[in-house]
Each structure stands twice: as C-alpha cells, then as structure tokens.
$ cat query19.txt   # compact mmCIF, C-alpha atoms
# COMPACT_ATOMS: atom_id res chain seq x y z
CA MET P 1 0.00 0.00 0.00
CA PRO P 2 1.48 3.39 -0.96
CA SER P 3 2.33 5.73 1.89
CA PHE P 4 4.29 8.82 2.90
CA ASP P 5 5.32 10.48 6.16
CA VAL P 6 4.53 14.01 7.37
CA VAL P 7 7.42 15.21 9.56
CA ILE P 8 9.08 18.30 10.98
CA GLN P 9 12.85 18.28 10.63
CA THR P 10 15.37 20.97 11.42
CA ASP P 11 18.91 20.79 10.06
CA LEU P 12 20.93 21.30 13.25
CA GLN P 13 24.13 22.03 11.31
CA GLU P 14 22.43 24.93 9.55
CA VAL P 15 21.11 26.17 12.90
CA ASP P 16 24.65 26.05 14.29
CA ASN P 17 25.97 27.99 11.30
CA ALA P 18 23.20 30.61 11.60
CA LEU P 19 23.84 31.11 15.31
CA ASN P 20 27.58 31.49 14.70
CA GLN P 21 26.85 34.13 12.06
CA ALA P 22 24.51 35.91 14.48
CA ARG P 23 27.21 35.91 17.18
CA LYS P 24 29.68 37.47 14.72
CA GLU P 25 27.19 40.15 13.70
CA ILE P 26 26.43 41.01 17.33
CA ALA P 27 30.14 41.37 18.06
CA GLN P 28 30.46 43.88 15.20
CA ARG P 29 27.25 45.91 15.51
CA PHE P 30 27.47 49.35 17.04
CA ASP P 31 24.25 49.09 19.07
CA PHE P 32 25.57 45.97 20.84
CA ARG P 33 28.96 47.46 21.78
CA GLY P 34 29.58 47.28 25.50
CA SER P 35 26.49 45.15 26.14
CA LYS P 36 26.44 41.70 27.70
CA SER P 37 24.34 40.21 24.89
CA ARG P 38 24.96 36.58 24.06
CA ILE P 39 23.43 33.54 22.37
CA ASP P 40 23.61 30.14 24.10
CA TRP P 41 22.62 26.88 22.40
CA ASP P 42 22.48 23.42 23.99
CA ARG P 43 22.73 21.59 20.61
CA LYS P 44 19.38 19.85 21.14
CA GLY P 45 16.86 22.54 20.32
CA ASP P 46 16.91 25.22 23.00
CA VAL P 47 18.46 28.60 22.25
CA THR P 48 18.78 31.11 25.08
CA LEU P 49 19.12 34.80 24.27
CA VAL P 50 20.50 37.09 26.98
CA SER P 51 20.80 40.87 26.75
CA ASP P 52 20.92 44.05 28.84
CA ASP P 53 17.37 45.24 28.23
CA ARG P 54 14.20 44.42 26.31
CA PRO P 55 14.90 46.49 23.13
CA ARG P 56 18.31 44.87 22.69
CA LEU P 57 16.76 41.46 23.31
CA ASP P 58 14.22 42.14 20.54
CA ALA P 59 17.05 43.20 18.21
CA LEU P 60 18.98 40.06 19.15
CA LEU P 61 15.96 37.88 18.35
CA ASP P 62 15.55 39.67 15.02
CA VAL P 63 19.21 39.01 14.12
CA VAL P 64 18.83 35.30 14.98
CA LYS P 65 15.63 34.95 12.92
CA THR P 66 17.23 36.73 9.95
CA LYS P 67 20.26 34.45 10.01
CA LEU P 68 18.08 31.34 10.31
CA VAL P 69 16.01 32.37 7.30
CA ARG P 70 19.13 33.04 5.24
CA ARG P 71 20.42 29.56 6.08
CA GLY P 72 17.15 27.95 5.00
CA VAL P 73 15.76 27.12 8.45
CA SER P 74 12.04 27.85 8.74
CA ILE P 75 11.08 30.20 11.55
CA LYS P 76 7.59 28.68 11.61
CA ASN P 77 9.12 25.89 13.66
CA LEU P 78 10.43 28.27 16.33
CA GLU P 79 8.63 28.63 19.62
CA VAL P 80 9.60 31.94 21.23
CA GLY P 81 9.11 32.10 24.97
CA GLU P 82 8.42 35.11 27.16
CA SER P 83 11.27 37.32 28.27
CA GLU P 84 12.16 37.03 31.93
CA PRO P 85 14.58 38.85 34.22
CA ALA P 86 17.95 37.21 34.79
CA ALA P 87 20.87 37.84 37.14
CA ASP P 88 22.81 41.15 37.08
CA GLY P 89 19.88 43.09 35.63
CA LEU P 90 19.89 41.13 32.35
CA VAL P 91 16.87 39.89 30.40
CA ARG P 92 16.63 36.30 29.11
CA GLN P 93 14.42 34.71 26.46
CA LYS P 94 14.19 31.07 25.46
CA VAL P 95 13.63 29.98 21.86
CA THR P 96 12.81 26.32 21.18
CA LEU P 97 13.28 24.57 17.84
CA LYS P 98 10.46 22.14 17.12
CA THR P 99 11.77 18.79 15.92
CA GLY P 100 8.62 16.69 15.88
CA ILE P 101 4.95 17.29 15.22
CA PRO P 102 3.16 18.16 18.48
CA LYS P 103 0.23 15.88 19.43
CA GLU P 104 -2.39 18.63 19.01
CA ALA P 105 -1.12 19.53 15.54
CA ALA P 106 -0.95 15.85 14.57
CA LYS P 107 -4.58 15.37 15.58
CA GLU P 108 -5.53 18.48 13.60
CA ILE P 109 -3.72 17.18 10.50
CA CYS P 110 -5.42 13.76 10.76
CA GLN P 111 -8.79 15.47 11.25
CA HIS P 112 -8.14 17.58 8.13
CA LEU P 113 -7.38 14.43 6.14
CA ARG P 114 -10.63 12.80 7.28
CA GLN P 115 -12.69 15.89 6.43
CA SER P 116 -11.11 16.27 2.98
CA LYS P 117 -12.98 13.14 1.73
CA ILE P 118 -9.79 11.85 0.10
CA LYS P 119 -9.45 8.09 0.46
CA VAL P 120 -6.40 8.15 2.73
CA GLN P 121 -5.78 7.40 6.38
CA GLY P 122 -3.50 9.29 8.71
CA GLN P 123 -1.85 7.44 11.58
CA ILE P 124 0.11 9.23 14.31
CA GLN P 125 3.43 7.50 14.97
CA ASP P 126 5.31 9.22 17.81
CA GLU P 127 6.43 12.55 16.27
CA GLN P 128 5.35 11.94 12.68
CA ILE P 129 2.24 11.00 10.73
CA ARG P 130 2.08 8.08 8.31
CA VAL P 131 -0.49 8.63 5.56
CA THR P 132 -1.58 5.55 3.59
CA GLY P 133 -3.93 5.09 0.68
CA LYS P 134 -4.73 2.64 -2.09
CA LYS P 135 -3.70 4.89 -4.98
CA ARG P 136 -0.71 7.16 -5.51
CA ASP P 137 -3.02 9.83 -6.92
CA ASP P 138 -4.93 9.91 -3.62
CA LEU P 139 -1.66 10.47 -1.77
CA ARG P 140 -0.71 13.30 -4.14
CA ALA P 141 -4.12 14.88 -3.56
CA ALA P 142 -3.59 14.55 0.21
CA ILE P 143 -0.21 16.30 -0.04
CA ALA P 144 -1.80 19.10 -2.08
CA SER P 145 -4.60 19.42 0.47
CA LEU P 146 -2.13 19.59 3.38
CA LYS P 147 -0.04 22.21 1.57
CA GLU P 148 -3.17 24.36 1.10
CA ALA P 149 -4.10 24.19 4.78
CA ASP P 150 -1.99 26.24 7.17
CA PHE P 151 -1.23 24.46 10.45
CA GLY P 152 1.36 27.01 11.61
CA LEU P 153 4.15 24.50 11.02
CA ASP P 154 6.63 23.93 8.23
CA VAL P 155 6.09 20.24 7.52
CA LEU P 156 7.95 17.99 5.09
CA TYR P 157 6.58 15.04 3.11
CA GLN P 158 9.03 12.15 3.04
CA ASN P 159 9.27 8.42 2.32
CA PHE P 160 6.80 8.35 -0.57
CA ARG P 161 6.59 4.56 -1.06
CA GLN P 162 4.80 2.15 -3.29
$ encode --input "query19.txt" --output "structure tokens"
Amino acid sequence: MPSFDVVIQTDLQEVDNALNQARKEIAQRFDFRGSKSRIDWDRKGDVTLVSDDRPRLDALLDVVKTKLVRRGVSIKNLEVGESEPAADGLVRQKVTLKTGIPKEAAKEICQHLRQSKIKVQGQIQDEQIRVTGKKRDDLRAAIASLKEADFGLDVLYQNFRQ
C-alpha cells in the first residue's frame, strides 16, 4: 500500500551555522557594543538569548531569525518564549526549535485528512504522521490538500513509497 510520512525536521548544522553568524554580527554591531548580549545553544533545540534590556533582546531575536532564514531554516518551527529577568539586571528569552509534530497539531492534521474526503488514512506515529492510501493519486491529492491548509508549522513530506 502506498504511503508517505509528514514530519518536521530541522537541520541542526544549519542552525549552528546561523547562530555562529549571528554571534559574529552582534560582536560587530554598534548598538551591541559594551552590552552583555549573548546567544547560548544546547545543541538539542533550545536557544537562550540574553541581553541588557528588552529592546536589545528584541534586536537580538531579530538578528537570529534573519540568520536562520538566510540559512534555509524555517522560523515557523520556532517557539519563542516570554522574556524574563535574569541575574545582574539582564533579560533572558528562550527559543525552542520544534523537531517533531506536536500531538495537538498531529490530531488536527489527521482530522483535516478525514474531512477532505480523500481516500487516505493518517496514523500518528510518535512525532510523525504516516499517511496511507490505495492509490498514488490519492496520496498526491492529500499532499496538495495539506499544503493548502496552514497548520502554523513547516512540515515535510518524506518516504513516498509504493
């Protein structure tokens, strides 16, 4: 039976490159001179932005998003947390990279497939969705239908099998 997978993947090497570029830009920008702004990354998916005050933190977040977009990483898969006070009068903000489809979004995608009246079935498998159907044309129609709908995520369609 033909099938394909709906997944969210983030290229961690590209994220690393983008964050290194952002660090270099912050070191050279005039408005960040003398500030304690920094970008910390735990190599799993959590990026912590630290700066002196809220406007610089917003500028820091803007630099990071710009560099991620230039490196081909979708910012739809970023979850930006609230800013919170940190030690020494600094402000901290946590940004999380989504690496799998959240359960609520997976249920919404499967519900969309059922309501579309296309003869396919969506099955949630951990952090991805396996879509199966009897005909390849039905699967192509399902991909087109999912691309039309906006779930707030940048999903990929992989493993198209016979």
$ closest_residue --input "query19.txt" --among "P:Gln158, P:Gln13, P:Asn20, P:Thr96" --to "Glu79 in chain P" --atoms "only C-alpha atoms"
P:Thr96
$ closest_residue --input "query19.txt" --among "P:Gln115, P:Ser74, P:Gln121, P:Thr132" --to "Ile8 in chain P" --atoms "all atoms listed in the file"
P:Ser74
$ residues_around --input "query19.txt" --residues "Ala105 in chain P" --least-positions-apart "3" --cutoff "9 Å" --atoms "all atoms listed in the file" --output "list in words"
Ile101, Pro102, Glu108, Ile109, Cys110, Phe151, Gly152 and Leu153 of chain P
$ closest_residue --input "query19.txt" --among "P:Ser83, P:Gln93, P:Gln28, P:Thr99" --to "Asp154 in chain P" --atoms "only C-alpha atoms"
P:Thr99
$ closest_residue --input "query19.txt" --among "P:Gln111, P:Gln128, P:Asn77, P:Ser35" --to "Tyr157 in chain P" --atoms "only C-alpha atoms"
P:Gln128
$ closest_residue --input "query19.txt" --among "P:Ala144, P:Leu61, P:Ala106, P:Val15" --to "Thr48 in chain P" --atoms "all atoms listed in the file"
P:Leu61
$ atom_distance --input "query19.txt" --atom1 "CA of Ala86 in chain P" --atom2 "CA of Lys65 in chain P"
22.1 Å
$ residues_around --input "query19.txt" --residues "Glu25 in chain P" --least-positions-apart "2" --cutoff "12 Å" --atoms "only C-alpha atoms" --output "MDAnalysis selection string"
chainID P and resid 18:23 27:33 37:39 59:60 62:64 66:67
$ atom_distance --input "query19.txt" --atom1 "CA of Ser3 in chain P" --atom2 "CA of Gln125 in chain P"
13.2 Å
$ residues_around --input "query19.txt" --residues "Leu12 in chain P" --least-positions-apart "3" --cutoff "10 Å" --atoms "all atoms listed in the file" --output "ChimeraX atom specification"
/P:9,15-18,43-45,73,97,99
$ residues_near_point --input "query19.txt" --point "(-6.6, 0.6, 1.6)" --cutoff "9 Å" --atoms "all atoms listed in the file" --output "PyMOL selection string"
chain P and resi 1-2+119-121+132-135
$ atom_distance --input "query19.txt" --atom1 "CA of Asp53 in chain P" --atom2 "CA of Leu78 in chain P"
21.9 Å
$ residues_near_point --input "query19.txt" --point "(-11.4, 12.0, -1.8)" --cutoff "9 Å" --atoms "all atoms listed in the file" --output "compact mmCIF listing (two decimals) with C-alpha atoms, in the frame of the given file"
# COMPACT_ATOMS: atom_id res chain seq x y z
CA SER P 116 -11.11 16.27 2.98
CA LYS P 117 -12.98 13.14 1.73
CA ILE P 118 -9.79 11.85 0.10
CA LYS P 119 -9.45 8.09 0.46
CA VAL P 120 -6.40 8.15 2.73
CA ASP P 138 -4.93 9.91 -3.62
CA ALA P 141 -4.12 14.88 -3.56
CA ALA P 142 -3.59 14.55 0.21
$ closest_residue --input "query19.txt" --among "P:Lys98, P:Arg70, P:Lys107, P:Arg54" --to "Gln123 in chain P" --atoms "only C-alpha atoms"
P:Lys107
$ residues_around --input "query19.txt" --residues "Ala87 in chain P" --least-positions-apart "2" --cutoff "12 Å" --atoms "all atoms listed in the file" --output "list of chain:residue names"
P:Lys36, P:Val50, P:Ser51, P:Asp52, P:Glu84, P:Pro85, P:Gly89, P:Leu90, P:Val91, P:Arg92
